[in-house]
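Structure file final.tsv (TSV, C-alpha atoms) is printed below.
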```
chain	number	residue	atom	x	y	z
A	1	MET	CA	19.44	88.17	-99.51
A	2	LYS	CA	23.09	89.14	-99.56
A	3	TYR	CA	22.99	89.42	-95.75
A	4	VAL	CA	21.71	85.86	-95.45
A	5	LEU	CA	24.37	84.63	-97.87
A	6	SER	CA	27.01	86.49	-95.92
A	7	LEU	CA	25.88	84.88	-92.66
A	8	LEU	CA	25.78	81.44	-94.29
A	9	ALA	CA	29.26	81.89	-95.75
A	10	GLY	CA	30.54	82.82	-92.30
A	11	LEU	CA	28.81	79.80	-90.74
A	12	LEU	CA	30.31	77.44	-93.32
A	13	ALA	CA	33.80	78.88	-92.95
A	14	GLY	CA	33.62	78.71	-89.15
A	15	SER	CA	32.32	75.13	-89.21
A	16	ALA	CA	35.01	74.08	-91.70
A	17	LEU	CA	37.73	75.50	-89.48
A	18	ALA	CA	36.26	73.72	-86.43
A	19	VAL	CA	36.06	70.40	-88.31
A	20	ALA	CA	39.69	70.78	-89.42
A	21	ALA	CA	40.71	71.55	-85.84
A	22	LEU	CA	38.87	68.45	-84.61
A	23	TYR	CA	40.49	66.31	-87.33
A	24	PHE	CA	44.00	67.36	-86.29
A	25	ASN	CA	43.18	67.72	-82.57
A	26	PRO	CA	46.18	66.35	-80.60
A	27	LEU	CA	44.09	66.00	-77.42
A	28	THR	CA	42.15	63.07	-78.90
A	29	ARG	CA	45.31	61.06	-79.63
A	30	GLN	CA	46.39	60.40	-76.05
A	31	SER	CA	46.91	56.79	-74.98
A	32	VAL	CA	48.74	54.54	-72.55
A	33	GLU	CA	51.63	52.84	-74.34
A	34	PRO	CA	52.03	49.10	-73.65
A	35	ALA	CA	54.80	48.26	-71.20
A	36	GLY	CA	57.92	46.58	-72.50
A	37	PHE	CA	57.84	43.33	-70.50
A	38	PRO	CA	54.32	42.45	-69.38
A	39	ASP	CA	53.47	39.43	-67.22
A	40	LEU	CA	51.14	38.13	-69.91
A	41	ALA	CA	51.05	39.06	-73.58
A	42	PHE	CA	48.57	37.83	-76.15
A	43	LYS	CA	48.33	38.38	-79.89
A	44	PHE	CA	45.15	38.24	-81.94
A	45	GLY	CA	43.86	39.00	-85.41
A	46	MET	CA	40.55	40.25	-86.77
A	47	ALA	CA	40.68	38.40	-90.11
A	48	PRO	CA	37.92	35.78	-90.58
A	49	ALA	CA	40.48	32.96	-90.35
A	50	ALA	CA	41.73	34.34	-87.03
A	51	THR	CA	38.34	34.55	-85.29
A	52	TRP	CA	35.77	31.96	-84.29
A	53	ILE	CA	32.86	34.39	-84.02
A	54	ALA	CA	32.59	38.06	-84.96
A	55	THR	CA	29.26	39.83	-85.08
A	56	HIS	CA	27.89	43.35	-84.95
A	57	GLU	CA	25.11	45.31	-86.64
A	58	GLU	CA	26.90	45.07	-90.01
A	59	LYS	CA	27.80	48.78	-90.10
A	60	SER	CA	31.26	47.99	-88.76
A	61	LYS	CA	34.24	47.63	-91.09
A	62	LEU	CA	34.95	44.20	-89.59
A	63	PRO	CA	33.81	40.94	-91.19
A	64	VAL	CA	30.94	38.84	-89.79
A	65	VAL	CA	32.12	35.33	-88.87
A	66	PRO	CA	30.82	32.72	-89.49
A	67	ALA	CA	28.28	33.45	-92.20
A	68	GLY	CA	24.79	33.37	-90.77
A	69	VAL	CA	25.76	34.25	-87.20
A	70	PRO	CA	23.03	36.40	-85.57
A	71	LEU	CA	23.65	40.13	-86.03
A	72	LEU	CA	23.45	42.58	-83.11
A	73	TRP	CA	20.67	44.72	-84.56
A	74	GLU	CA	18.40	45.18	-81.52
A	75	SER	CA	18.27	48.73	-80.16
A	76	GLY	CA	19.58	47.66	-76.74
A	77	ILE	CA	22.84	46.33	-78.24
A	78	GLU	CA	23.06	48.26	-81.51
A	79	GLY	CA	26.64	49.42	-82.16
A	80	SER	CA	28.11	46.66	-80.01
A	81	LEU	CA	30.64	44.20	-81.34
A	82	LEU	CA	31.20	40.67	-80.07
A	83	THR	CA	34.23	38.62	-81.02
A	84	ALA	CA	35.33	35.17	-79.88
A	85	LEU	CA	38.85	34.40	-80.87
A	86	PRO	CA	41.98	32.41	-80.07
A	87	LEU	CA	44.78	34.34	-78.39
A	88	HIS	CA	48.38	33.45	-79.16
A	89	ASP	CA	51.63	33.88	-77.28
A	90	ALA	CA	54.67	35.71	-78.63
A	91	SER	CA	55.81	32.64	-80.56
A	92	GLY	CA	52.43	32.30	-82.25
A	93	HIS	CA	51.19	29.25	-80.31
A	94	PHE	CA	47.63	29.02	-79.06
A	95	ALA	CA	47.59	30.37	-75.50
A	96	ALA	CA	44.05	31.29	-74.50
A	97	LEU	CA	40.39	31.59	-75.46
A	98	GLY	CA	39.08	35.12	-75.63
A	99	THR	CA	35.75	36.91	-75.82
A	100	ARG	CA	35.78	40.61	-76.59
A	101	ILE	CA	32.64	42.72	-76.25
A	102	ALA	CA	33.07	46.31	-77.43
A	103	VAL	CA	30.44	48.94	-76.70
A	104	PRO	CA	30.58	52.60	-77.83
A	105	SER	CA	30.95	54.77	-74.74
A	106	ALA	CA	28.54	57.51	-73.70
A	107	ALA	CA	31.66	59.47	-72.63
A	108	THR	CA	32.61	59.99	-76.28
A	109	GLU	CA	33.26	63.61	-77.24
A	110	PHE	CA	35.63	64.96	-79.85
A	111	LEU	CA	37.20	67.94	-78.07
A	112	ARG	CA	39.28	66.20	-75.40
A	113	ALA	CA	38.49	62.47	-75.30
A	114	GLY	CA	37.93	61.06	-78.79
A	115	LEU	CA	35.82	58.13	-79.94
A	116	LEU	CA	35.70	56.06	-76.76
A	117	VAL	CA	34.80	52.38	-76.70
A	118	ASP	CA	34.33	50.29	-73.57
A	119	GLU	CA	36.00	46.98	-74.28
A	120	TYR	CA	35.33	43.97	-72.06
A	121	TRP	CA	37.48	40.86	-72.36
A	122	LEU	CA	36.99	37.43	-70.84
A	123	ILE	CA	40.24	35.50	-71.29
A	124	SER	CA	40.48	31.82	-70.35
A	125	ILE	CA	43.95	30.34	-70.16
A	126	PRO	CA	43.86	26.50	-70.23
A	127	GLY	CA	45.12	25.01	-67.00
A	128	GLN	CA	45.38	28.40	-65.27
A	129	GLY	CA	42.02	30.15	-65.10
A	130	THR	CA	39.98	33.05	-66.44
A	131	LEU	CA	40.68	36.78	-66.45
A	132	PHE	CA	38.39	39.77	-66.93
A	133	MET	CA	39.67	42.98	-68.46
A	134	HIS	CA	37.91	46.32	-68.88
A	135	ALA	CA	39.60	48.78	-71.20
A	136	VAL	CA	38.45	52.19	-72.36
A	137	ASN	CA	39.91	52.58	-75.82
A	138	ASN	CA	40.07	55.67	-77.98
A	139	GLU	CA	39.40	54.41	-81.50
A	140	TRP	CA	39.42	57.88	-83.08
A	141	PRO	CA	43.00	57.73	-84.49
A	142	LEU	CA	42.18	54.40	-86.19
A	143	VAL	CA	38.79	55.59	-87.47
A	144	ARG	CA	40.27	58.90	-88.64
A	145	ASP	CA	42.99	57.12	-90.67
A	146	THR	CA	40.56	54.68	-92.25
A	147	VAL	CA	36.89	55.58	-92.37
A	148	VAL	CA	37.35	59.38	-92.37
A	149	ARG	CA	40.50	59.66	-94.47
A	150	VAL	CA	39.94	56.85	-96.98
A	151	ASP	CA	36.17	56.32	-97.10
A	152	LEU	CA	34.92	59.89	-96.57
A	153	LEU	CA	37.76	62.11	-97.83
A	154	ARG	CA	38.72	59.68	-100.66
A	155	ARG	CA	42.41	59.96	-99.87
A	156	ASP	CA	44.94	57.12	-100.03
A	157	PHE	CA	45.58	54.98	-96.96
A	158	ARG	CA	48.66	56.51	-95.39
A	159	GLY	CA	50.37	53.15	-94.86
A	160	ALA	CA	50.81	50.59	-92.13
A	161	ALA	CA	50.22	52.10	-88.72
A	162	VAL	CA	50.37	51.09	-85.07
A	163	TYR	CA	47.91	52.39	-82.49
A	164	ALA	CA	47.91	52.31	-78.68
A	165	PRO	CA	44.20	52.88	-78.07
A	166	THR	CA	43.95	52.24	-74.30
A	167	VAL	CA	43.18	55.41	-72.32
A	168	GLY	CA	41.49	54.01	-69.22
A	169	PRO	CA	39.51	53.44	-67.12
A	170	GLY	CA	42.46	54.23	-64.79
A	171	ALA	CA	45.71	56.07	-65.26
A	172	GLY	CA	47.47	52.72	-65.72
A	173	GLY	CA	45.16	51.71	-68.53
A	174	ALA	CA	42.73	48.81	-68.47
A	175	SER	CA	41.73	47.14	-65.22
A	176	VAL	CA	42.29	43.39	-64.97
A	177	ALA	CA	40.82	40.94	-62.43
A	178	GLY	CA	41.44	37.22	-62.08
A	179	LEU	CA	38.23	35.18	-61.87
A	180	SER	CA	39.14	31.52	-61.47
A	181	GLY	CA	41.90	28.97	-61.05
A	182	SER	CA	45.36	30.19	-60.10
A	183	LEU	CA	44.43	33.66	-61.42
A	184	ALA	CA	41.56	34.13	-58.93
A	185	GLY	CA	41.98	37.16	-56.72
A	186	ARG	CA	44.75	38.73	-58.74
A	187	THR	CA	44.35	42.23	-60.13
A	188	GLY	CA	46.38	44.40	-62.43
A	189	HIS	CA	46.46	46.58	-65.48
A	190	GLY	CA	46.35	46.02	-69.20
A	191	ARG	CA	47.07	47.86	-72.42
A	192	ALA	CA	46.30	47.11	-76.04
A	193	ARG	CA	48.22	47.74	-79.22
A	194	LEU	CA	46.65	47.55	-82.66
A	195	ALA	CA	48.41	47.31	-86.00
A	196	LEU	CA	46.83	47.89	-89.39
A	197	ASP	CA	48.75	46.78	-92.47
A	198	ASN	CA	46.36	47.91	-95.15
A	199	TYR	CA	42.89	49.38	-95.55
A	200	SER	CA	40.53	49.27	-98.47
A	201	GLY	CA	37.12	49.46	-96.85
A	202	SER	CA	37.61	46.61	-94.39
A	203	LEU	CA	39.68	46.13	-91.24
A	204	VAL	CA	40.55	42.47	-91.96
A	205	THR	CA	44.29	43.18	-91.68
A	206	LEU	CA	43.88	44.54	-88.17
A	207	THR	CA	45.94	42.65	-85.59
A	208	GLY	CA	46.33	43.34	-81.90
A	209	GLU	CA	48.26	42.65	-78.75
A	210	LEU	CA	47.15	42.66	-75.14
A	211	HIS	CA	49.76	43.33	-72.48
A	212	LEU	CA	48.69	42.44	-68.95
A	213	ASP	CA	50.53	43.09	-65.70
A	214	LEU	CA	49.23	41.28	-62.63
A	215	ALA	CA	50.04	42.01	-59.02
A	216	GLY	CA	50.74	39.25	-56.51
A	217	GLN	CA	52.62	36.87	-58.77
B	1	MET	CA	27.71	92.64	-94.22
B	2	LYS	CA	31.23	92.15	-92.95
B	3	ARG	CA	29.85	92.01	-89.43
B	4	LEU	CA	27.40	89.29	-90.46
B	5	LEU	CA	30.21	87.30	-92.05
B	6	GLN	CA	32.23	87.55	-88.84
B	7	LEU	CA	29.19	86.67	-86.71
B	8	GLY	CA	28.46	83.63	-88.89
B	9	PHE	CA	32.10	82.54	-88.67
B	10	VAL	CA	32.12	82.70	-84.89
B	11	LEU	CA	28.74	80.96	-84.62
B	12	GLY	CA	29.84	78.21	-87.02
B	13	LEU	CA	33.13	77.68	-85.20
B	14	LEU	CA	31.70	77.64	-81.70
B	15	GLY	CA	28.56	75.72	-82.69
B	16	THR	CA	30.56	72.92	-84.29
B	17	LEU	CA	32.96	72.69	-81.35
B	18	ALA	CA	30.04	72.72	-78.90
B	19	GLY	CA	28.35	69.96	-80.90
B	20	ALA	CA	31.54	67.87	-80.86
B	21	TYR	CA	31.69	68.22	-77.09
B	22	PHE	CA	28.09	68.16	-75.93
B	23	ALA	CA	26.32	65.98	-78.50
B	24	PRO	CA	25.27	62.58	-77.10
B	25	TRP	CA	27.14	60.51	-79.67
B	26	PHE	CA	26.09	57.14	-78.29
B	27	GLU	CA	23.04	56.40	-76.19
B	28	PHE	CA	21.43	53.05	-75.56
B	29	PRO	CA	17.78	52.74	-74.56
B	30	ARG	CA	17.54	52.10	-70.84
B	31	TYR	CA	14.74	49.64	-70.20
B	32	ARG	CA	13.11	49.58	-66.79
B	33	SER	CA	14.78	47.14	-64.39
B	34	ALA	CA	12.32	44.48	-63.21
B	35	ALA	CA	13.99	44.02	-59.84
B	36	THR	CA	12.45	42.87	-56.59
B	37	VAL	CA	13.67	43.09	-53.02
B	38	VAL	CA	14.45	39.72	-51.46
B	39	PRO	CA	13.41	39.09	-47.83
B	40	ASN	CA	16.90	38.64	-46.40
B	41	GLY	CA	18.29	41.71	-48.12
B	42	GLY	CA	19.42	42.38	-51.62
B	43	ARG	CA	17.90	43.05	-54.97
B	44	LEU	CA	16.85	40.19	-57.24
B	45	GLU	CA	16.93	40.74	-60.98
B	46	GLN	CA	16.44	38.02	-63.50
B	47	PHE	CA	17.72	37.91	-67.06
B	48	GLU	CA	16.74	35.43	-69.75
B	49	VAL	CA	18.20	33.81	-72.81
B	50	ARG	CA	15.72	32.18	-75.18
B	51	LEU	CA	17.20	29.18	-76.88
B	52	PRO	CA	17.96	28.67	-79.67
B	53	ALA	CA	16.98	32.20	-80.83
B	54	ASP	CA	19.39	34.07	-78.57
B	55	ARG	CA	22.39	31.81	-79.05
B	56	ILE	CA	25.05	33.78	-80.93
B	57	GLY	CA	27.55	31.00	-81.17
B	58	LEU	CA	29.65	28.34	-79.56
B	59	ALA	CA	33.42	28.32	-79.94
B	60	VAL	CA	35.47	25.25	-79.16
B	61	PRO	CA	39.17	25.49	-79.97
B	62	SER	CA	40.38	22.62	-82.14
B	63	SER	CA	43.84	22.67	-80.60
B	64	SER	CA	42.62	22.28	-77.03
B	65	ALA	CA	39.89	20.35	-75.27
B	66	ALA	CA	40.43	22.57	-72.24
B	67	GLY	CA	37.37	24.73	-72.57
B	68	GLN	CA	34.58	26.23	-74.59
B	69	LEU	CA	32.96	29.61	-75.10
B	70	GLU	CA	29.25	30.32	-75.54
B	71	HIS	CA	27.73	33.66	-76.40
B	72	PHE	CA	24.16	34.84	-76.07
B	73	LYS	CA	21.89	37.83	-76.41
B	74	LEU	CA	20.53	38.78	-73.01
B	75	ARG	CA	16.90	39.73	-72.38
B	76	ASP	CA	15.08	41.28	-69.47
B	77	VAL	CA	12.03	39.43	-68.15
B	78	GLU	CA	9.82	41.45	-70.48
B	79	GLY	CA	11.64	40.01	-73.47
B	80	ASN	CA	13.64	43.09	-74.55
B	81	VAL	CA	17.16	42.36	-75.78
B	82	ILE	CA	19.23	44.50	-73.44
B	83	GLY	CA	22.72	43.05	-73.56
B	84	LEU	CA	25.20	40.33	-74.37
B	85	ALA	CA	26.50	37.43	-72.33
B	86	ALA	CA	29.59	35.25	-72.60
B	87	ARG	CA	30.01	31.94	-70.77
B	88	HIS	CA	33.48	30.43	-70.52
B	89	SER	CA	33.77	26.85	-69.32
B	90	LEU	CA	37.33	26.00	-68.47
B	91	LEU	CA	38.56	22.59	-67.36
B	92	LEU	CA	40.84	23.02	-64.36
B	93	ALA	CA	42.54	20.47	-62.09
B	94	ASP	CA	39.63	20.47	-59.61
B	95	GLY	CA	36.71	20.60	-62.05
B	96	THR	CA	35.02	22.82	-64.61
B	97	ALA	CA	35.08	26.55	-63.80
B	98	THR	CA	32.30	28.49	-65.52
B	99	SER	CA	32.80	32.25	-65.68
B	100	TRP	CA	30.19	34.69	-66.95
B	101	LEU	CA	30.40	38.13	-68.49
B	102	LEU	CA	27.13	40.08	-68.66
B	103	THR	CA	27.27	43.35	-70.58
B	104	ILE	CA	24.27	45.65	-70.71
B	105	PRO	CA	25.38	48.69	-72.76
B	106	SER	CA	22.96	51.12	-71.09
B	107	ARG	CA	23.92	50.01	-67.58
B	108	GLY	CA	27.34	48.35	-67.26
B	109	THR	CA	29.07	45.00	-67.05
B	110	ILE	CA	29.46	42.28	-64.42
B	111	ALA	CA	32.08	39.51	-64.48
B	112	PHE	CA	31.20	36.44	-62.43
B	113	ALA	CA	33.44	33.68	-61.16
B	114	PRO	CA	32.39	30.31	-59.74
B	115	SER	CA	32.78	29.95	-55.98
B	116	THR	CA	33.96	26.38	-56.56
B	117	PRO	CA	34.51	24.54	-59.84
B	118	ALA	CA	31.61	22.22	-60.69
B	119	ALA	CA	32.14	18.48	-60.67
B	120	GLU	CA	29.66	18.07	-63.53
B	121	SER	CA	29.32	20.11	-66.69
B	122	LEU	CA	26.01	21.19	-68.23
B	123	GLU	CA	26.50	18.60	-70.97
B	124	SER	CA	26.90	15.76	-68.49
B	125	LEU	CA	23.85	16.93	-66.51
B	126	VAL	CA	21.75	17.04	-69.69
B	127	ALA	CA	23.00	13.59	-70.69
B	128	ALA	CA	22.14	12.27	-67.23
B	129	SER	CA	18.57	13.55	-67.65
B	130	GLY	CA	18.09	11.03	-70.45
B	131	LEU	CA	17.32	13.58	-73.16
B	132	VAL	CA	18.59	12.74	-76.61
B	133	ALA	CA	19.10	14.91	-79.69
B	134	GLY	CA	15.82	15.85	-81.39
B	135	ALA	CA	13.71	14.89	-78.37
B	136	ARG	CA	11.19	17.06	-76.51
B	137	SER	CA	10.81	17.15	-72.79
B	138	GLU	CA	7.38	17.37	-71.15
B	139	PRO	CA	7.39	18.73	-68.54
B	140	GLU	CA	10.42	20.92	-68.98
B	141	ILE	CA	13.56	19.91	-67.11
B	142	SER	CA	15.11	22.50	-64.83
B	143	ILE	CA	18.84	22.23	-64.15
B	144	ASP	CA	20.87	24.52	-61.89
B	145	VAL	CA	24.48	24.38	-63.04
B	146	GLY	CA	27.22	24.49	-60.45
B	147	SER	CA	27.23	26.55	-57.30
B	148	LYS	CA	26.44	30.25	-57.03
B	149	ALA	CA	28.87	32.46	-58.87
B	150	SER	CA	30.02	35.73	-57.32
B	151	SER	CA	30.81	39.01	-59.03
B	152	VAL	CA	34.49	39.85	-59.13
B	153	ALA	CA	34.40	43.04	-61.17
B	154	ALA	CA	31.63	45.36	-62.27
B	155	THR	CA	31.32	48.65	-64.13
B	156	GLY	CA	28.75	51.38	-64.63
B	157	GLU	CA	25.72	51.26	-62.38
B	158	PHE	CA	26.74	47.77	-61.22
B	159	ALA	CA	29.98	49.03	-59.68
B	160	ARG	CA	30.11	48.87	-55.85
B	161	ILE	CA	27.42	46.18	-55.78
B	162	ASP	CA	28.23	42.58	-54.88
B	163	PHE	CA	26.27	40.12	-56.99
B	164	GLU	CA	25.56	36.43	-56.86
B	165	LEU	CA	24.48	34.55	-59.96
B	166	VAL	CA	22.58	31.30	-60.37
B	167	GLU	CA	22.23	29.86	-63.87
B	168	THR	CA	19.15	27.72	-64.40
B	169	TRP	CA	18.57	25.91	-67.67
B	170	VAL	CA	14.88	25.20	-68.29
B	171	ILE	CA	15.05	22.62	-71.05
B	172	ALA	CA	12.10	21.97	-73.34
B	173	GLY	CA	14.06	19.66	-75.60
B	174	LEU	CA	17.16	19.21	-77.68
B	175	GLU	CA	17.75	20.31	-81.24
B	176	ASP	CA	18.87	17.73	-83.80
B	177	ASP	CA	22.45	18.92	-83.32
B	178	GLY	CA	22.17	18.52	-79.53
B	179	GLY	CA	21.69	22.22	-78.83
B	180	ILE	CA	19.33	23.09	-76.00
B	181	ARG	CA	15.81	24.38	-76.70
B	182	GLY	CA	14.28	26.26	-73.82
B	183	THR	CA	15.20	29.16	-71.55
B	184	LEU	CA	18.34	29.98	-69.66
B	185	ARG	CA	17.51	32.02	-66.55
B	186	LEU	CA	20.26	34.06	-64.98
B	187	SER	CA	19.17	35.13	-61.51
B	188	THR	CA	21.26	37.81	-59.86
B	189	VAL	CA	21.03	39.05	-56.31
B	190	GLY	CA	22.86	42.29	-55.67
B	191	THR	CA	23.86	43.71	-52.31
B	192	ALA	CA	25.26	47.22	-52.07
B	193	ASP	CA	28.91	47.22	-51.07
B	194	ILE	CA	28.78	50.07	-48.51
```
Is it possible to give me this structure as structure tokens?
Amino acid sequence: MKYVLSLLAGLLAGSALAVAALYFNPLTRQSVEPAGFPDLAFKFGMAPAATWIATHEEKSKLPVVPAGVPLLWESGIEGSLLTALPLHDASGHFAALGTRIAVPSAATEFLRAGLLVDEYWLISIPGQGTLFMHAVNNEWPLVRDTVVRVDLLRRDFRGAAVYAPTVGPGAGGASVAGLSGSLAGRTGHGRARLALDNYSGSLVTLTGELHLDLAGQ
Amino acid sequence: MKRLLQLGFVLGLLGTLAGAYFAPWFEFPRYRSAATVVPNGGRLEQFEVRLPADRIGLAVPSSSAAGQLEHFKLRDVEGNVIGLAARHSLLLADGTATSWLLTIPSRGTIAFAPSTPAAESLESLVAASGLVAGARSEPEISIDVGSKASSVAATGEFARIDFELVETWVIAGLEDDGGIRGTLRLSTVGTADI
């Protein structure tokens, strides 16, 4: 019996050390910082008042908007998140209509990459045209500071934080392609920045910025 | 006993790290593609949206009459919900440009752009058919909206394939609020970009 207990104690200690190493792992915090002066910059919020539609399978820490909107519970889309929201310019004026579909990535692993999410944006700018953006975002730093630290470890929220989650799909960050209007045929790169003011079980204070650089302007 | 403690420690450490690296954290069921080969080359695959059940929501900005956003759950022809679709209609100087985003988590994403903006919107085509809110249509009315859209960007297994998209609204009637009851068929023809 004491041999079994000894083996179990070793297993637990080894696992605990590995979990701690994964929690503090610097390799899963890499990101592409937004450029200083992008061609296009949009701001958005995740609060119910700042979104037209937000739906998921209700396990997410984001609100469902509006009440009664169909949830994404089917196995083929489980874990996905769909948001339709207004995008604002730097001065806070309405600038574009956005749809954001976020899908957990099969490339997720916690040794080198982190919690990867494929994020697809369709952004329509009135009078100009529509853009598509594909970003691979590492949401692990955000999830670690909120769900893991506050919800699971019962520690206090460490305070307002800013995240630069974009890690791909290319070295320059997200890929951007113009679809219609004067934006048709243009390509470029994008980065995201997220800011969280407070956390108490919900990400309603989450705000974000998209910085897009387009070639051929 | 000390050896067992050390062995357990190493096994626990390496096992947890291996799990963090190799475990399939997210996997979506991959339903069989019901695709057929078209005579002049290419691969035809049809997706469906059953209305009103698959309509997630319509967003129309209050500060701008420039466009609207519609969002749907996307089904394969066997009725399985396999993805999500967004349809952006944007009023431009030369007409209404309708762009589509089809995301199938187990396969990838395609973004479609109209080859030319449409002179008439879906709403005006439905109005021209004579249907009014709350009315049924027998037989169903079939409306192709705009010209073929072409893929501009694609990811996953759709990357390196050029697609064309035709959206066909098969309308069985209108809801009391004017929403369409019927089926939206999204027909894609893909040609490998070799």
Should the cut-off be 6 Å, what would the residue list for chain B against chain A look like, counting only C-alpha atoms, as a PDB file with C-alpha atoms, in the coordinates of the input?
```pdb
ATOM      1  CA  MET B   1      27.710  92.640 -94.220  1.00  0.00           C
ATOM      2  CA  LEU B   4      27.400  89.290 -90.460  1.00  0.00           C
ATOM      3  CA  LEU B   5      30.210  87.300 -92.050  1.00  0.00           C
ATOM      4  CA  GLY B   8      28.460  83.630 -88.890  1.00  0.00           C
ATOM      5  CA  PHE B   9      32.100  82.540 -88.670  1.00  0.00           C
ATOM      6  CA  GLY B  12      29.840  78.210 -87.020  1.00  0.00           C
ATOM      7  CA  LEU B  13      33.130  77.680 -85.200  1.00  0.00           C
ATOM      8  CA  THR B  16      30.560  72.920 -84.290  1.00  0.00           C
ATOM      9  CA  ALA B  20      31.540  67.870 -80.860  1.00  0.00           C
ATOM     10  CA  TYR B  21      31.690  68.220 -77.090  1.00  0.00           C
ATOM     11  CA  PHE B  26      26.090  57.140 -78.290  1.00  0.00           C
ATOM     12  CA  PHE B  28      21.430  53.050 -75.560  1.00  0.00           C
ATOM     13  CA  PRO B  29      17.780  52.740 -74.560  1.00  0.00           C
ATOM     14  CA  ILE B  56      25.050  33.780 -80.930  1.00  0.00           C
ATOM     15  CA  ALA B  66      40.430  22.570 -72.240  1.00  0.00           C
ATOM     16  CA  VAL B  81      17.160  42.360 -75.780  1.00  0.00           C
ATOM     17  CA  ILE B  82      19.230  44.500 -73.440  1.00  0.00           C
ATOM     18  CA  GLY B  83      22.720  43.050 -73.560  1.00  0.00           C
ATOM     19  CA  LEU B  92      40.840  23.020 -64.360  1.00  0.00           C
ATOM     20  CA  ALA B 113      33.440  33.680 -61.160  1.00  0.00           C
TER      21      ALA B 113
END
```
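Take atom CA of B:Ser33 and atom CA of B:Thr103: the distance between them is 14.4 Å.
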Q: For atom CA of A:Asp39 and atom CA of A:Arg186, quote the distance in Å rounded to one decimal.
A: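 Atom-to-atom, atom CA of A:Asp39 to atom CA of A:Arg186, that is 12.2 Å.
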Q. Near B:Asp177, counting only C-alpha atoms, which residues have an atom at most 10 Å away, once you skip same-chain residues fewer than 6 positions from it, shown as a list in words?
A. Val132, Ala133 and Gly134 of chain B
Q: Calculate how many Å separate atom CA of B:Pro139 from atom CA of B:Asp76, rounding to one decimal.
A: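 About the pair atom CA of B:Pro139 and atom CA of B:Asp76: they are 23.8 Å apart.
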**Q.** Contacts of A:Arg155 within 12 Å, all atoms listed in the file, excl. fewer than 3 positions in-chain, as a list in words
**A.** Arg144, Asp145, Thr146, Val147, Val148, Arg149, Val150, Asp151, Leu152, Arg158, Gly159, Tyr199 and Ser200 of chain A
Q | B:Ser89 environment, 10 Å, all atoms listed in the file, sequence neighbours closer than 2 positions dropped, as an MDAnalysis selection string | A | (chainID A and resid 124 129:130) or (chainID B and resid 66:70 86:87 91:92 96:100 117 121:122)
Q. Given the choices A:Leu206, A:Val117, A:Leu214, A:Ala67, which gets closest to A:Gly168 if the distance is worked out from all atoms listed in the file?
A.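 Looking at the shortest contact to A:Gly168, the residue is A:Val117.
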**Q.** Among the residues B:Leu14, B:Leu7, B:Ala34, B:Ile180, the one that comes closest to B:Glu123 [using only C-alpha atoms]
**A.**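 For B:Glu123, the nearest of the given residues is B:Ile180.
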Q: Could you tell me which of A:Phe42, A:Gly188, A:Tyr23, A:Gly173 comes closest to A:Leu153 if we count all atoms listed in the file?
A: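 Residue with the minimum atom-to-atom distance to A:Leu153: A:Tyr23.
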Q | Distance query B:Gly173 at most 8 Å, all atoms listed in the file, self and fewer than 4 positions along chain excluded, as a list of chain:residue names | A | B:Leu131, B:Gly134, B:Ala135, B:Arg136, B:Ser137, B:Glu140, B:Ile180, B:Arg181, B:Gly182
Save out the residues we just selected, C-alpha atoms, as a compact mmCIF listing (two decimals), in the frame of the given file.
```
# COMPACT_ATOMS: atom_id res chain seq x y z
CA LEU B 131 17.32 13.58 -73.16
CA GLY B 134 15.82 15.85 -81.39
CA ALA B 135 13.71 14.89 -78.37
CA ARG B 136 11.19 17.06 -76.51
CA SER B 137 10.81 17.15 -72.79
CA GLU B 140 10.42 20.92 -68.98
CA ILE B 180 19.33 23.09 -76.00
CA ARG B 181 15.81 24.38 -76.70
CA GLY B 182 14.28 26.26 -73.82
```
Kindly reconstruct stretch 94-101 of chain A with N, CA and C atoms and present the result as a PDB file, in the coordinates of the input.
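Produced file result_31.pdb, reproduced below:
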```pdb
ATOM      1  N   PHE A  94      48.901  28.782 -79.744  1.00  0.00           N
ATOM      2  CA  PHE A  94      47.630  29.020 -79.060  1.00  0.00           C
ATOM      3  C   PHE A  94      47.889  29.115 -77.554  1.00  0.00           C
ATOM      4  N   ALA A  95      47.328  30.163 -76.931  1.00  0.00           N
ATOM      5  CA  ALA A  95      47.590  30.370 -75.500  1.00  0.00           C
ATOM      6  C   ALA A  95      46.326  30.520 -74.683  1.00  0.00           C
ATOM      7  N   ALA A  96      45.251  31.025 -75.290  1.00  0.00           N
ATOM      8  CA  ALA A  96      44.050  31.290 -74.500  1.00  0.00           C
ATOM      9  C   ALA A  96      42.837  31.448 -75.404  1.00  0.00           C
ATOM     10  N   LEU A  97      41.648  31.369 -74.764  1.00  0.00           N
ATOM     11  CA  LEU A  97      40.390  31.590 -75.460  1.00  0.00           C
ATOM     12  C   LEU A  97      39.879  32.970 -75.031  1.00  0.00           C
ATOM     13  N   GLY A  98      39.498  33.766 -75.987  1.00  0.00           N
ATOM     14  CA  GLY A  98      39.080  35.120 -75.630  1.00  0.00           C
ATOM     15  C   GLY A  98      37.714  35.494 -76.166  1.00  0.00           C
ATOM     16  N   THR A  99      36.978  36.252 -75.356  1.00  0.00           N
ATOM     17  CA  THR A  99      35.750  36.910 -75.820  1.00  0.00           C
ATOM     18  C   THR A  99      35.943  38.397 -75.624  1.00  0.00           C
ATOM     19  N   ARG A 100      35.649  39.152 -76.643  1.00  0.00           N
ATOM     20  CA  ARG A 100      35.780  40.610 -76.590  1.00  0.00           C
ATOM     21  C   ARG A 100      34.435  41.220 -76.936  1.00  0.00           C
ATOM     22  N   ILE A 101      33.880  41.997 -75.993  1.00  0.00           N
ATOM     23  CA  ILE A 101      32.640  42.720 -76.250  1.00  0.00           C
ATOM     24  C   ILE A 101      32.986  44.202 -76.224  1.00  0.00           C
TER      25      ILE A 101
END
```
